[in-house]
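Next comes my_file-v5.txt, with compact mmCIF, C-alpha atoms.
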```
# COMPACT_ATOMS: atom_id res chain seq x y z
CA MET A 103 17.80 -32.65 31.98
CA SER A 104 14.38 -31.73 33.24
CA GLY A 105 11.22 -32.21 31.27
CA ARG A 106 10.50 -28.50 31.06
CA PRO A 107 10.10 -27.25 27.50
CA VAL A 108 12.86 -25.06 26.21
CA PRO A 109 11.61 -21.47 25.78
CA PRO A 110 11.91 -20.06 22.28
CA SER A 111 14.80 -17.80 21.57
CA PRO A 112 14.28 -14.01 21.23
CA ALA A 113 14.90 -14.24 17.50
CA THR A 114 12.17 -16.87 17.19
CA ARG A 115 9.70 -14.73 19.17
CA ALA A 116 10.59 -11.75 17.00
CA SER A 117 9.87 -13.72 13.87
CA ARG A 118 6.42 -14.63 15.28
CA VAL A 119 5.63 -11.07 16.27
CA ALA A 120 6.85 -9.32 13.12
CA PRO A 121 7.50 -11.75 10.29
CA VAL A 122 9.74 -10.36 7.58
CA ALA A 123 8.36 -10.65 4.03
CA ALA A 124 10.41 -12.64 1.60
CA PRO A 125 12.29 -10.35 -0.77
CA GLU A 126 10.84 -10.15 -4.27
CA SER A 127 13.04 -10.62 -7.28
CA PRO A 128 13.13 -7.84 -9.91
CA GLY A 129 11.30 -10.11 -12.33
CA VAL A 130 8.40 -10.62 -9.90
CA ARG A 131 8.11 -6.91 -9.22
CA ALA A 132 8.11 -6.15 -12.95
CA ALA A 133 5.41 -8.75 -13.52
CA LEU A 134 3.25 -7.28 -10.78
CA ARG A 135 3.65 -3.78 -12.20
CA ASN A 136 2.54 -5.03 -15.61
CA VAL A 137 -0.55 -6.89 -14.43
CA ARG A 138 -2.96 -4.06 -15.18
CA ARG A 139 -1.32 -3.26 -18.49
CA THR A 140 -1.50 -6.93 -19.49
CA VAL A 141 -5.17 -7.07 -18.59
CA GLY A 142 -5.76 -3.89 -20.56
CA MET A 143 -3.95 -5.33 -23.57
CA GLN A 144 -6.26 -8.35 -23.49
CA LEU A 145 -9.21 -6.03 -24.00
CA VAL A 146 -7.95 -5.34 -27.49
CA ALA A 147 -7.69 -8.87 -28.83
CA PRO A 148 -11.18 -10.33 -28.32
CA LEU A 149 -14.31 -8.98 -29.98
CA ASP A 150 -16.08 -8.80 -26.61
CA ALA A 151 -13.94 -6.02 -25.15
CA ARG A 152 -15.30 -5.26 -21.73
CA PRO A 153 -15.80 -1.73 -20.36
CA ASN A 154 -13.46 -0.59 -17.66
CA ALA A 155 -14.80 0.50 -14.28
CA LEU A 156 -12.50 3.52 -14.47
CA GLY A 157 -14.16 4.69 -17.67
CA ALA A 158 -16.42 7.16 -15.87
CA SER A 159 -14.83 7.49 -12.44
CA GLY A 160 -11.19 8.30 -13.14
CA SER A 161 -9.81 11.82 -13.12
CA LEU A 162 -9.69 13.32 -16.59
CA ASP A 163 -7.03 15.58 -18.07
CA THR A 164 -8.18 19.00 -16.86
CA VAL A 165 -5.66 20.80 -19.07
CA LEU A 166 -7.05 19.07 -22.17
CA ALA A 167 -10.63 19.81 -21.13
CA ALA A 168 -9.86 23.47 -20.40
CA THR A 169 -8.09 23.81 -23.76
CA VAL A 170 -11.12 22.54 -25.66
CA VAL A 171 -13.53 24.73 -23.69
CA ALA A 172 -11.32 27.78 -24.30
CA LEU A 173 -11.20 27.11 -28.05
CA VAL A 174 -14.97 26.67 -28.24
CA GLY A 175 -15.59 29.90 -26.31
CA PHE A 176 -13.05 31.77 -28.41
CA GLY A 177 -14.72 30.44 -31.55
CA VAL A 178 -18.10 31.83 -30.52
CA VAL A 179 -16.57 35.29 -30.03
CA MET A 180 -14.66 35.24 -33.31
CA VAL A 181 -17.62 33.93 -35.31
CA PHE A 182 -19.71 36.85 -34.09
CA SER A 183 -16.95 39.34 -34.89
CA ALA A 184 -16.39 37.89 -38.36
CA SER A 185 -20.04 37.41 -39.33
CA ALA A 186 -21.88 40.45 -37.98
CA VAL A 187 -21.66 42.36 -41.26
CA GLN A 188 -22.75 39.46 -43.45
CA ALA A 189 -25.54 38.53 -41.02
CA THR A 190 -26.84 42.10 -41.07
CA VAL A 191 -26.83 42.35 -44.86
CA GLN A 192 -28.14 38.86 -45.60
CA TYR A 193 -30.47 38.14 -42.67
CA HIS A 194 -31.04 41.61 -41.17
CA ASP A 195 -29.87 40.25 -37.83
CA PRO A 196 -26.25 40.86 -36.75
CA GLN A 197 -26.50 38.01 -34.24
CA PHE A 198 -27.81 35.43 -36.73
CA PHE A 199 -24.63 33.34 -36.83
CA LEU A 200 -23.81 34.08 -33.18
CA LYS A 201 -27.03 32.46 -31.96
CA ARG A 202 -26.44 29.34 -34.02
CA GLN A 203 -22.80 29.02 -33.08
CA ALA A 204 -23.65 29.46 -29.40
CA ALA A 205 -26.23 26.66 -29.70
CA TYR A 206 -23.70 24.45 -31.48
CA ALA A 207 -21.13 25.21 -28.79
CA ALA A 208 -23.51 24.28 -25.98
CA ALA A 209 -24.48 21.05 -27.75
CA GLY A 210 -20.83 20.27 -28.47
CA LEU A 211 -19.69 20.76 -24.88
CA LEU A 212 -22.58 18.62 -23.65
CA ALA A 213 -21.65 15.90 -26.15
CA MET A 214 -18.02 16.09 -25.06
CA TRP A 215 -18.99 15.68 -21.40
CA ILE A 216 -21.27 12.72 -22.15
CA VAL A 217 -18.72 10.93 -24.34
CA SER A 218 -15.98 11.53 -21.77
CA ARG A 219 -18.09 9.48 -19.32
CA VAL A 220 -18.45 6.56 -21.76
CA ASP A 221 -15.68 3.98 -21.68
CA TYR A 222 -13.86 4.15 -25.00
CA HIS A 223 -13.72 0.33 -25.14
CA ARG A 224 -17.40 0.43 -26.04
CA PHE A 225 -16.41 1.87 -29.42
CA TYR A 226 -14.59 -1.41 -30.10
CA LYS A 227 -17.82 -3.27 -30.88
CA LEU A 228 -19.27 -0.24 -32.67
CA THR A 229 -16.36 0.04 -35.09
CA TYR A 230 -17.96 -1.59 -38.12
CA PRO A 231 -21.49 -0.22 -37.58
CA VAL A 232 -20.07 3.33 -37.36
CA LEU A 233 -17.84 2.78 -40.40
CA ALA A 234 -20.73 1.39 -42.45
CA ALA A 235 -23.15 4.15 -41.42
CA VAL A 236 -20.70 6.89 -42.37
CA GLY A 237 -19.97 5.11 -45.66
CA VAL A 238 -23.70 5.07 -46.48
CA LEU A 239 -23.97 8.79 -45.70
CA LEU A 240 -21.02 9.55 -47.99
CA ILE A 241 -22.61 7.50 -50.77
CA MET A 242 -25.88 9.41 -50.32
CA CYS A 243 -24.01 12.67 -50.84
CA VAL A 244 -22.52 11.35 -54.06
CA VAL A 245 -25.62 9.76 -55.63
CA GLY A 246 -27.75 12.89 -55.46
CA PHE A 247 -29.06 13.34 -51.93
CA GLY A 248 -26.37 15.85 -51.03
CA HIS A 249 -27.19 19.49 -50.41
CA SER A 250 -25.06 21.70 -52.64
CA GLY A 251 -23.13 24.66 -51.30
CA GLY A 252 -20.09 26.39 -52.73
CA GLY A 253 -20.11 24.09 -55.76
CA ALA A 254 -19.95 20.86 -53.73
CA ALA A 255 -22.60 18.45 -52.45
CA ARG A 256 -21.10 17.90 -49.00
CA TRP A 257 -24.17 18.14 -46.77
CA LEU A 258 -27.24 16.04 -46.12
CA SER A 259 -30.38 17.93 -45.14
CA ILE A 260 -32.36 16.39 -42.27
CA GLY A 261 -35.09 18.93 -41.76
CA PRO A 262 -33.46 22.16 -40.60
CA ILE A 263 -30.22 20.31 -39.77
CA HIS A 264 -27.40 19.97 -42.29
CA VAL A 265 -25.01 17.07 -41.67
CA GLN A 266 -21.56 16.86 -43.26
CA PRO A 267 -20.58 13.17 -43.50
CA ALA A 268 -16.96 13.98 -44.42
CA GLU A 269 -16.40 15.29 -40.89
CA MET A 270 -17.77 12.05 -39.45
CA ALA A 271 -15.61 10.02 -41.83
CA LYS A 272 -12.43 11.28 -40.16
CA VAL A 273 -13.43 10.04 -36.70
CA ALA A 274 -14.93 6.81 -38.09
CA LEU A 275 -11.71 6.03 -39.98
CA VAL A 276 -9.58 6.72 -36.89
CA ILE A 277 -11.72 4.36 -34.78
CA TRP A 278 -11.51 1.61 -37.40
CA LEU A 279 -7.76 2.02 -37.88
CA ALA A 280 -7.21 1.87 -34.11
CA TYR A 281 -9.36 -1.28 -33.94
CA SER A 282 -7.63 -3.00 -36.84
CA LEU A 283 -4.05 -2.03 -35.96
CA ALA A 284 -4.47 -3.09 -32.33
CA LYS A 285 -6.03 -6.40 -33.37
CA LYS A 286 -3.32 -7.28 -35.89
CA ALA A 287 -0.42 -6.37 -33.58
CA GLU A 288 2.84 -7.62 -35.14
CA ARG A 289 1.13 -8.58 -38.40
CA VAL A 290 0.91 -4.86 -39.21
CA LYS A 291 4.43 -5.18 -40.63
CA THR A 292 3.17 -7.39 -43.44
CA PHE A 293 1.87 -5.94 -46.70
CA THR A 294 -1.20 -8.05 -47.42
CA VAL A 295 -2.52 -8.12 -43.83
CA GLY A 296 -1.12 -5.07 -42.09
CA PHE A 297 -0.89 -2.45 -44.83
CA LEU A 298 -3.03 -3.07 -47.90
CA PRO A 299 -6.46 -3.48 -46.17
CA HIS A 300 -6.08 -0.17 -44.35
CA LEU A 301 -5.09 1.57 -47.57
CA ILE A 302 -8.11 0.12 -49.39
CA VAL A 303 -10.64 1.28 -46.79
CA ALA A 304 -9.07 4.73 -46.52
CA GLY A 305 -8.91 4.93 -50.33
CA ALA A 306 -12.62 4.14 -50.61
CA PHE A 307 -13.48 6.95 -48.20
CA MET A 308 -11.13 9.30 -50.05
CA LEU A 309 -12.77 8.55 -53.41
CA LEU A 310 -16.22 9.26 -51.94
CA CYS A 311 -14.93 12.58 -50.62
CA MET A 312 -13.37 13.42 -54.00
CA LYS A 313 -16.68 12.78 -55.75
CA GLN A 314 -18.51 15.43 -53.68
CA PRO A 315 -15.95 17.06 -54.35
CA ASP A 316 -14.01 17.56 -51.10
CA PHE A 317 -10.32 17.38 -51.89
CA GLY A 318 -9.26 18.75 -48.48
CA SER A 319 -11.01 16.02 -46.48
CA ALA A 320 -9.50 13.38 -48.76
CA VAL A 321 -6.02 14.73 -48.00
CA VAL A 322 -6.74 14.66 -44.25
CA LEU A 323 -7.91 11.04 -44.47
CA LEU A 324 -4.73 10.05 -46.31
CA LEU A 325 -2.47 11.78 -43.79
CA LEU A 326 -4.37 10.20 -40.89
CA THR A 327 -3.92 6.74 -42.39
CA PHE A 328 -0.20 7.11 -43.03
CA THR A 329 0.43 8.59 -39.57
CA MET A 330 -1.39 5.80 -37.73
CA LEU A 331 0.31 3.12 -39.83
CA PHE A 332 3.68 4.64 -39.00
CA VAL A 333 2.87 4.79 -35.27
CA ALA A 334 1.68 1.17 -35.35
CA GLY A 335 5.00 0.01 -36.81
CA ALA A 336 4.22 -0.52 -40.49
CA LYS A 337 7.24 -0.69 -42.75
CA VAL A 338 8.45 2.75 -43.78
CA GLY A 339 9.09 1.52 -47.31
CA TYR A 340 5.41 0.69 -47.78
CA ILE A 341 4.38 4.11 -46.45
CA LEU A 342 6.86 5.94 -48.70
CA GLY A 343 5.73 3.99 -51.75
CA ALA A 344 2.08 4.69 -51.02
CA SER A 345 2.91 8.37 -50.40
CA ILE A 346 4.49 8.63 -53.84
CA LEU A 347 1.46 6.99 -55.43
CA GLY A 348 -0.87 9.25 -53.45
CA GLY A 349 1.06 12.34 -54.54
CA ALA A 350 0.89 11.24 -58.17
CA PHE A 351 -2.85 10.60 -57.86
CA GLY A 352 -3.32 14.05 -56.30
CA ALA A 353 -1.38 15.72 -59.11
CA VAL A 354 -3.53 13.94 -61.70
CA ALA A 355 -6.72 14.90 -59.84
CA ILE A 356 -5.66 18.54 -59.91
CA ARG A 357 -4.37 18.66 -63.48
CA PHE A 358 -7.30 16.95 -65.14
CA ARG A 359 -10.07 18.67 -63.18
CA GLU A 360 -10.48 22.09 -64.72
CA TYR A 361 -11.65 24.08 -61.72
CA ARG A 362 -8.89 22.64 -59.50
CA TYR A 363 -6.19 23.40 -62.05
CA GLU A 364 -7.45 26.96 -62.55
CA ARG A 365 -7.49 27.50 -58.80
CA TYR A 366 -3.96 26.12 -58.58
CA LEU A 367 -2.73 28.49 -61.31
CA ALA A 368 -4.48 31.41 -59.64
CA TRP A 369 -2.75 30.54 -56.38
CA LEU A 370 0.65 30.47 -58.12
CA HIS A 371 0.00 33.87 -59.72
CA MET A 372 -2.05 35.53 -56.99
CA ASP A 373 -1.24 39.11 -58.03
CA GLU A 374 -2.67 38.50 -61.48
CA HIS A 375 -5.87 36.86 -60.17
CA ARG A 376 -6.55 38.84 -57.02
CA GLN A 377 -9.84 40.10 -58.47
CA ASP A 378 -11.18 36.69 -59.52
CA LEU A 379 -10.09 33.19 -58.49
CA ALA A 380 -7.46 34.34 -55.99
CA TYR A 381 -9.65 37.03 -54.44
CA GLN A 382 -10.33 35.09 -51.23
CA PRO A 383 -6.73 34.06 -50.37
CA PHE A 384 -5.49 37.52 -51.34
CA GLN A 385 -7.92 39.22 -48.96
CA SER A 386 -6.96 36.70 -46.28
CA VAL A 387 -3.30 37.65 -46.56
CA MET A 388 -4.31 41.32 -46.42
CA SER A 389 -6.09 40.61 -43.15
CA PHE A 390 -2.96 39.19 -41.54
CA GLY A 391 -0.89 42.09 -42.83
CA SER A 392 -3.24 44.78 -41.55
CA GLY A 393 -3.30 43.29 -38.04
CA GLY A 394 0.30 44.12 -37.18
CA PRO A 395 1.82 42.88 -33.91
CA THR A 396 -1.20 43.33 -31.64
CA GLY A 397 -4.18 43.71 -33.99
CA LEU A 398 -6.95 46.27 -34.33
CA GLY A 399 -9.11 44.88 -31.53
CA ILE A 400 -12.07 42.52 -31.37
CA GLY A 401 -14.90 43.74 -33.60
CA ARG A 402 -12.81 46.47 -35.23
CA GLY A 403 -11.57 44.54 -38.24
CA LEU A 404 -12.42 45.88 -41.69
CA GLN A 405 -11.68 42.79 -43.77
CA THR A 406 -15.07 41.35 -42.83
CA LEU A 407 -16.38 43.78 -45.47
CA TYR A 408 -14.27 42.17 -48.20
CA LEU A 409 -13.33 38.63 -47.22
CA PRO A 410 -16.01 36.10 -48.29
CA GLU A 411 -17.01 33.46 -45.73
CA ALA A 412 -14.81 35.07 -43.11
CA HIS A 413 -16.59 33.23 -40.28
CA THR A 414 -16.01 29.72 -41.68
CA ASP A 415 -12.83 28.58 -43.42
CA PHE A 416 -11.00 31.92 -43.10
CA VAL A 417 -11.80 32.84 -39.51
CA ALA A 418 -8.05 32.66 -38.76
CA ALA A 419 -7.56 35.68 -41.03
CA ILE A 420 -9.95 37.72 -38.88
CA VAL A 421 -8.04 36.56 -35.80
CA GLY A 422 -4.87 37.87 -37.43
CA GLU A 423 -6.42 41.24 -38.22
CA GLU A 424 -8.12 41.83 -34.86
CA LEU A 425 -5.58 40.20 -32.53
CA GLY A 426 -2.42 40.54 -34.60
CA PHE A 427 0.66 38.37 -34.66
CA LEU A 428 0.49 37.76 -30.92
CA GLY A 429 -3.07 36.52 -31.17
CA VAL A 430 -2.27 34.11 -34.01
CA ALA A 431 0.85 32.86 -32.20
CA THR A 432 -1.18 32.28 -29.03
CA LEU A 433 -3.84 30.43 -31.00
CA CYS A 434 -1.18 28.19 -32.56
CA GLY A 435 0.23 27.54 -29.08
CA VAL A 436 -3.20 26.47 -27.82
CA TYR A 437 -3.59 24.00 -30.68
CA LEU A 438 -0.10 22.69 -30.00
CA LEU A 439 -1.10 22.16 -26.37
CA LEU A 440 -4.21 20.30 -27.51
CA VAL A 441 -2.13 17.92 -29.64
CA VAL A 442 0.51 17.45 -26.93
CA ARG A 443 -2.08 16.52 -24.30
CA GLY A 444 -3.68 14.12 -26.75
CA VAL A 445 -0.35 12.43 -27.42
CA ARG A 446 0.24 12.31 -23.66
CA ALA A 447 -3.04 10.44 -23.25
CA ALA A 448 -1.97 8.08 -26.04
CA LEU A 449 1.34 7.30 -24.38
CA ARG A 450 -0.40 6.56 -21.07
CA ALA A 451 -3.31 4.58 -22.49
CA PRO A 452 -3.79 1.17 -20.85
CA ASP A 453 -3.93 -0.73 -24.17
CA ASP A 454 -3.03 -0.48 -27.84
CA PHE A 455 -6.57 0.34 -28.93
CA GLY A 456 -6.68 3.41 -26.68
CA SER A 457 -3.17 4.43 -27.67
CA PHE A 458 -3.85 4.28 -31.42
CA LEU A 459 -7.21 5.97 -30.95
CA ALA A 460 -5.69 8.90 -29.04
CA PHE A 461 -2.83 9.24 -31.53
CA GLY A 462 -5.27 9.28 -34.44
CA LEU A 463 -7.60 11.89 -32.94
CA SER A 464 -4.66 14.10 -31.95
CA THR A 465 -3.31 13.83 -35.49
CA MET A 466 -6.73 14.75 -36.86
CA PHE A 467 -6.79 17.98 -34.83
CA GLY A 468 -3.20 18.84 -35.72
CA VAL A 469 -3.41 18.10 -39.46
CA GLN A 470 -6.67 19.97 -39.97
CA THR A 471 -5.37 22.98 -38.05
CA LEU A 472 -2.15 23.08 -40.07
CA ILE A 473 -3.98 22.84 -43.41
CA ASN A 474 -6.53 25.51 -42.45
CA LEU A 475 -3.84 27.94 -41.30
CA ALA A 476 -1.71 27.20 -44.38
CA VAL A 477 -4.67 28.03 -46.62
CA ALA A 478 -5.41 31.22 -44.67
CA PHE A 479 -1.77 32.30 -45.10
CA ALA A 480 -1.97 31.37 -48.82
CA ILE A 481 0.75 28.76 -48.34
CA LEU A 482 -1.65 26.20 -49.86
CA PRO A 483 -4.51 26.66 -52.33
CA THR A 484 -8.03 26.92 -50.94
CA LYS A 485 -9.19 23.58 -49.50
CA GLY A 486 -12.46 24.22 -47.67
CA LEU A 487 -11.41 22.83 -44.27
CA THR A 488 -12.63 24.39 -41.04
CA LEU A 489 -10.48 25.46 -38.10
CA PRO A 490 -11.34 22.95 -35.34
CA PHE A 491 -13.61 24.33 -32.57
CA VAL A 492 -13.35 27.91 -33.93
CA SER A 493 -14.91 28.04 -37.41
CA PHE A 494 -18.67 28.36 -37.79
CA GLY A 495 -20.46 25.07 -38.41
CA GLY A 496 -22.45 22.57 -36.43
CA SER A 497 -21.16 19.32 -37.99
CA SER A 498 -17.52 20.23 -37.51
CA LEU A 499 -17.97 21.46 -33.95
CA LEU A 500 -20.07 18.48 -32.82
CA VAL A 501 -17.78 15.88 -34.39
CA ASN A 502 -14.66 17.52 -32.96
CA SER A 503 -16.32 17.72 -29.55
CA VAL A 504 -17.11 14.00 -29.64
CA ALA A 505 -13.48 13.32 -30.61
CA ALA A 506 -12.31 15.45 -27.69
CA GLY A 507 -14.64 13.51 -25.38
CA ILE A 508 -13.04 10.24 -26.48
CA LEU A 509 -9.61 11.70 -25.75
CA LEU A 510 -10.77 12.77 -22.30
CA ASN A 511 -12.06 9.29 -21.53
CA ILE A 512 -8.75 7.77 -22.57
CA SER A 513 -7.03 10.20 -20.23
CA ARG A 514 -9.34 9.01 -17.41
CA GLN A 515 -7.93 5.50 -17.74
CA ALA A 516 -4.31 6.52 -18.29
CA ASP A 517 -1.59 4.59 -16.54
CA PRO A 518 0.29 6.84 -14.08
CA PRO A 519 3.99 7.17 -14.84
CA ALA A 520 6.08 4.62 -12.97
CA PRO A 521 8.00 6.24 -10.09
CA ARG A 522 11.72 6.24 -10.45
CA HIS A 523 13.53 4.86 -7.39
CA ALA A 524 17.09 6.08 -7.57
CA PRO A 525 19.36 3.95 -5.34
CA SER A 526 20.94 6.02 -2.59
CA PRO A 527 24.60 5.37 -1.77
CA THR A 528 23.79 5.56 1.94
CA ALA A 529 20.63 3.49 1.81
CA PRO A 530 20.66 0.51 4.19
CA SER A 531 20.70 -2.95 2.68
CA GLU A 532 17.91 -5.50 3.06
CA ASP A 533 20.02 -7.48 5.57
CA ALA A 534 20.44 -4.36 7.69
CA ASP A 535 16.68 -3.76 7.59
CA ASP A 536 16.09 -7.35 8.75
CA SER A 537 18.56 -7.02 11.63
CA ASP A 538 16.98 -3.71 12.70
CA THR A 539 13.58 -5.38 12.74
CA ALA A 540 14.89 -8.23 14.88
CA GLU A 541 16.55 -5.82 17.30
CA ARG A 542 13.35 -3.81 17.69
CA ALA A 543 11.48 -7.04 18.39
CA GLN A 544 14.05 -8.12 21.00
CA ALA A 545 13.96 -4.82 22.88
CA PRO A 546 10.88 -5.66 25.04
CA GLU A 547 12.42 -9.01 26.03
CA VAL A 548 15.62 -7.35 27.25
CA ALA A 549 13.66 -4.83 29.24
CA ALA A 550 11.66 -7.64 30.83
```
Could you take the file, read its structure, and then write that structure out as structure tokens?
Amino acid sequence: MSGRPVPPSPATRASRVAPVAAPESPGVRAALRNVRRTVGMQLVAPLDARPNALGASGSLDTVLAATVVALVGFGVVMVFSASAVQATVQYHDPQFFLKRQAAYAAAGLLAMWIVSRVDYHRFYKLTYPVLAAVGVLLIMCVVGFGHSGGGAARWLSIGPIHVQPAEMAKVALVIWLAYSLAKKAERVKTFTVGFLPHLIVAGAFMLLCMKQPDFGSAVVLLLLTFTMLFVAGAKVGYILGASILGGAFGAVAIRFREYRYERYLAWLHMDEHRQDLAYQPFQSVMSFGSGGPTGLGIGRGLQTLYLPEAHTDFVAAIVGEELGFLGVATLCGVYLLLVVRGVRAALRAPDDFGSFLAFGLSTMFGVQTLINLAVAFAILPTKGLTLPFVSFGGSSLLVNSVAAGILLNISRQADPPAPRHAPSPTAPSEDADDSDTAERAQAPEVAA
């Protein structure tokens, strides 16, 4: 044999030109797909949760944003339609409430845009400061600093601005529950660690709301707590037991508080009290009835002459009169879309904190809308809760806009749904792909 080196085979040259990657096992691929989710989950555990670079640069949920903007714009129109008569009589300016609601709407949309650009992980460190600040504001309302209106001291006057701490308490409680439930993880199934502390904090906020008195906000806080505990995996038996105790406490609070019990009896016998305690819900039902299928038209409703506070808690009744059944059904559909998009953001959130936060805020919108509409239809006694984004009021609109901004930021960081690769019966195997690659690499050698 000669000393000439043996030339490499075509297969060897092909492997040098186009090396074939080693096939990955399913376990490796699954681990790689879960890298970002694992990193996101680690943001929940430590107290130094770091902001995400996608917090301000990702694409937000345009459907959710458009839904909120549409509700805010619709609220400005309906507040003007429902308040023009009262504004003319009381302030000699038919646009008195319109100007204020338009200013609140502009401030709310600006706040929503700003918050949507702030990474929601920053709220992780602010959980206890926000909770404590809102608790102090609630205590100030109770101890005598509250501004009275409608028989309740629910507002704090800061110059010309009136702040309603009960609205802030809903968002503050949701943030704290999301923080605590995400931090405790599997321990949420225990009673002393995962259930009782959340019930104590929520109960303290509820008692402060009851002392104002604000029974409706207390009910919303209770429902928010139970819903988030259920989503987090708390034992259903604990939730059912606490629900029974909460129902018993509510019954006692109604029965042994004279004005609540009288309002409850008036609601049961509305025909007998339609000129006194049941006047407002009775006129609200009349508004829905007079609207018919399509309504009388914007600005043509007559119940604004008779329905007290038509632009606040009972604005849905004016919607029913002026836009009819179709208008109310469309409004309900828009709120349903708002909740669905919020739940969608929760399901796609990169960590448990974002998921619980989105679920809680979506529940807040849904529960408050249901209670407000139920009161307007006289299904429930009068509660004093606003219709989110539509009713007149700066505190409610600003707080709800901030909550919507948090939802939008969570949607910016949402995990895209994993693509489904359905195996094709005619798809070539990995061995066939490797042989094709080798043949393509050998083709130039044969031609040479």
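Of the residues listed (A:Ala320, A:Val220, A:Leu425, A:Leu200), A:Val220 shows the shortest atom-to-atom separation from Gly507 (chain A); distances use all atoms listed in the file.
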Which neighbours of region 399-408 of chain A fall inside 6 Å, counting all atoms listed in the file, when residues of the same chain fewer than 6 positions from it are skipped, and could you give them as an MDAnalysis selection string? chainID A and resid 183:184 424:425
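The smallest atom-to-atom distance between Thr164 (chain A) and any of A:Ala451, A:Leu463, A:Leu428, A:Leu440, using all atoms listed in the file, is found for A:Leu440.
Our summary of the geometry notes that CA of Val290 (chain A) is positioned 9.9 Å from CA of Phe332 (chain A).
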Neighbours of region 321-326 of chain A within 8 Å (all atoms listed in the file; same-chain residues fewer than 3 positions away dropped), as a list in words? Lys272, Leu275, Val276, Ala304, Gly305, Phe307, Met308, Phe317, Gly318, Thr329, Met330, Gly462, Thr465, Met466, Val469 and Gln470 of chain A
What's the 12 Å shell around Ala234 (chain A), counting all atoms listed in the file, without same-chain residues fewer than 4 positions away, as number ranges by chain? A: 228-230, 238-241, 267, 270-271, 274-275, 278, 303, 306-307
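The protein and nucleic acid residues lying at most 9 Å from region 343-353 of chain A are Leu301, Phe317, Val321, Leu324, Phe328, Val338, Gly339, Tyr340, Ile341, Ala355, Ile356, Arg357 and Phe358 of chain A, with only C-alpha atoms considered and sequence neighbours fewer than 2 positions away removed.
Considering all atoms listed in the file, the residue among A:Thr432, A:Thr294, A:Ser497, A:Ser464 positioned nearest to Leu510 (chain A) is A:Ser464.
Here the question is which of A:Trp369, A:Tyr437, A:Phe494, A:Phe427 gets nearest to Thr169 (chain A) using all atoms listed in the file, and that residue is A:Tyr437.
Residue nearest Ser392 (chain A) within the list A:Ala460, A:Ala419, A:Val245, A:Met180: A:Ala419 [criterion: smallest interatomic distance, only C-alpha atoms].
Nearest-residue note for Arg256 (chain A): choosing from A:Ala476, A:Leu487, A:Ala189, A:Leu438, the minimum distance belongs to A:Leu487, counting only C-alpha atoms.
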Which residues come within 6 Å of Glu423 (chain A), counting all atoms listed in the file, excluding same-chain residues fewer than 4 positions away, as a CSV table (one decimal) with C-alpha atoms, keeping the file's coordinate frame?
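part_28.csv, freshly written:
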```csv
chain,number,residue,atom,x,y,z
A,389,SER,CA,-6.1,40.6,-43.2
A,390,PHE,CA,-3.0,39.2,-41.5
A,392,SER,CA,-3.2,44.8,-41.6
A,393,GLY,CA,-3.3,43.3,-38.0
A,397,GLY,CA,-4.2,43.7,-34.0
```
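Atom to atom, CA of Thr292 (chain A) and CA of Arg446 (chain A) stand 28.1 Å apart.
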Using the partial input, fill out region 503-513 of chain A with N, CA and C atoms; write the result as a JSON list (two decimals), in the coordinates of the input.
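File written: selection_5.json
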```
[["chain", "number", "residue", "atom", "x", "y", "z"],
["A", 503, "SER", "N", -16.04, 17.83, -30.98],
["A", 503, "SER", "CA", -16.32, 17.72, -29.55],
["A", 503, "SER", "C", -16.42, 16.26, -29.11],
["A", 504, "VAL", "N", -17.05, 15.44, -29.94],
["A", 504, "VAL", "CA", -17.11, 14.00, -29.64],
["A", 504, "VAL", "C", -15.70, 13.41, -29.61],
["A", 505, "ALA", "N", -14.87, 13.81, -30.59],
["A", 505, "ALA", "CA", -13.48, 13.32, -30.61],
["A", 505, "ALA", "C", -12.73, 13.75, -29.35],
["A", 506, "ALA", "N", -12.95, 14.98, -28.92],
["A", 506, "ALA", "CA", -12.31, 15.45, -27.69],
["A", 506, "ALA", "C", -12.83, 14.67, -26.48],
["A", 507, "GLY", "N", -14.11, 14.33, -26.47],
["A", 507, "GLY", "CA", -14.64, 13.51, -25.38],
["A", 507, "GLY", "C", -14.00, 12.14, -25.31],
["A", 508, "ILE", "N", -13.73, 11.53, -26.48],
["A", 508, "ILE", "CA", -13.04, 10.24, -26.48],
["A", 508, "ILE", "C", -11.63, 10.39, -25.91],
["A", 509, "LEU", "N", -10.95, 11.45, -26.30],
["A", 509, "LEU", "CA", -9.61, 11.70, -25.75],
["A", 509, "LEU", "C", -9.66, 11.86, -24.23],
["A", 510, "LEU", "N", -10.65, 12.57, -23.75],
["A", 510, "LEU", "CA", -10.77, 12.77, -22.30],
["A", 510, "LEU", "C", -11.02, 11.45, -21.58],
["A", 511, "ASN", "N", -11.82, 10.58, -22.18],
["A", 511, "ASN", "CA", -12.06, 9.29, -21.53],
["A", 511, "ASN", "C", -10.80, 8.44, -21.51],
["A", 512, "ILE", "N", -10.02, 8.50, -22.58],
["A", 512, "ILE", "CA", -8.75, 7.77, -22.57],
["A", 512, "ILE", "C", -7.84, 8.30, -21.48],
["A", 513, "SER", "N", -7.86, 9.62, -21.29],
["A", 513, "SER", "CA", -7.03, 10.20, -20.23],
["A", 513, "SER", "C", -7.52, 9.78, -18.85]]
```
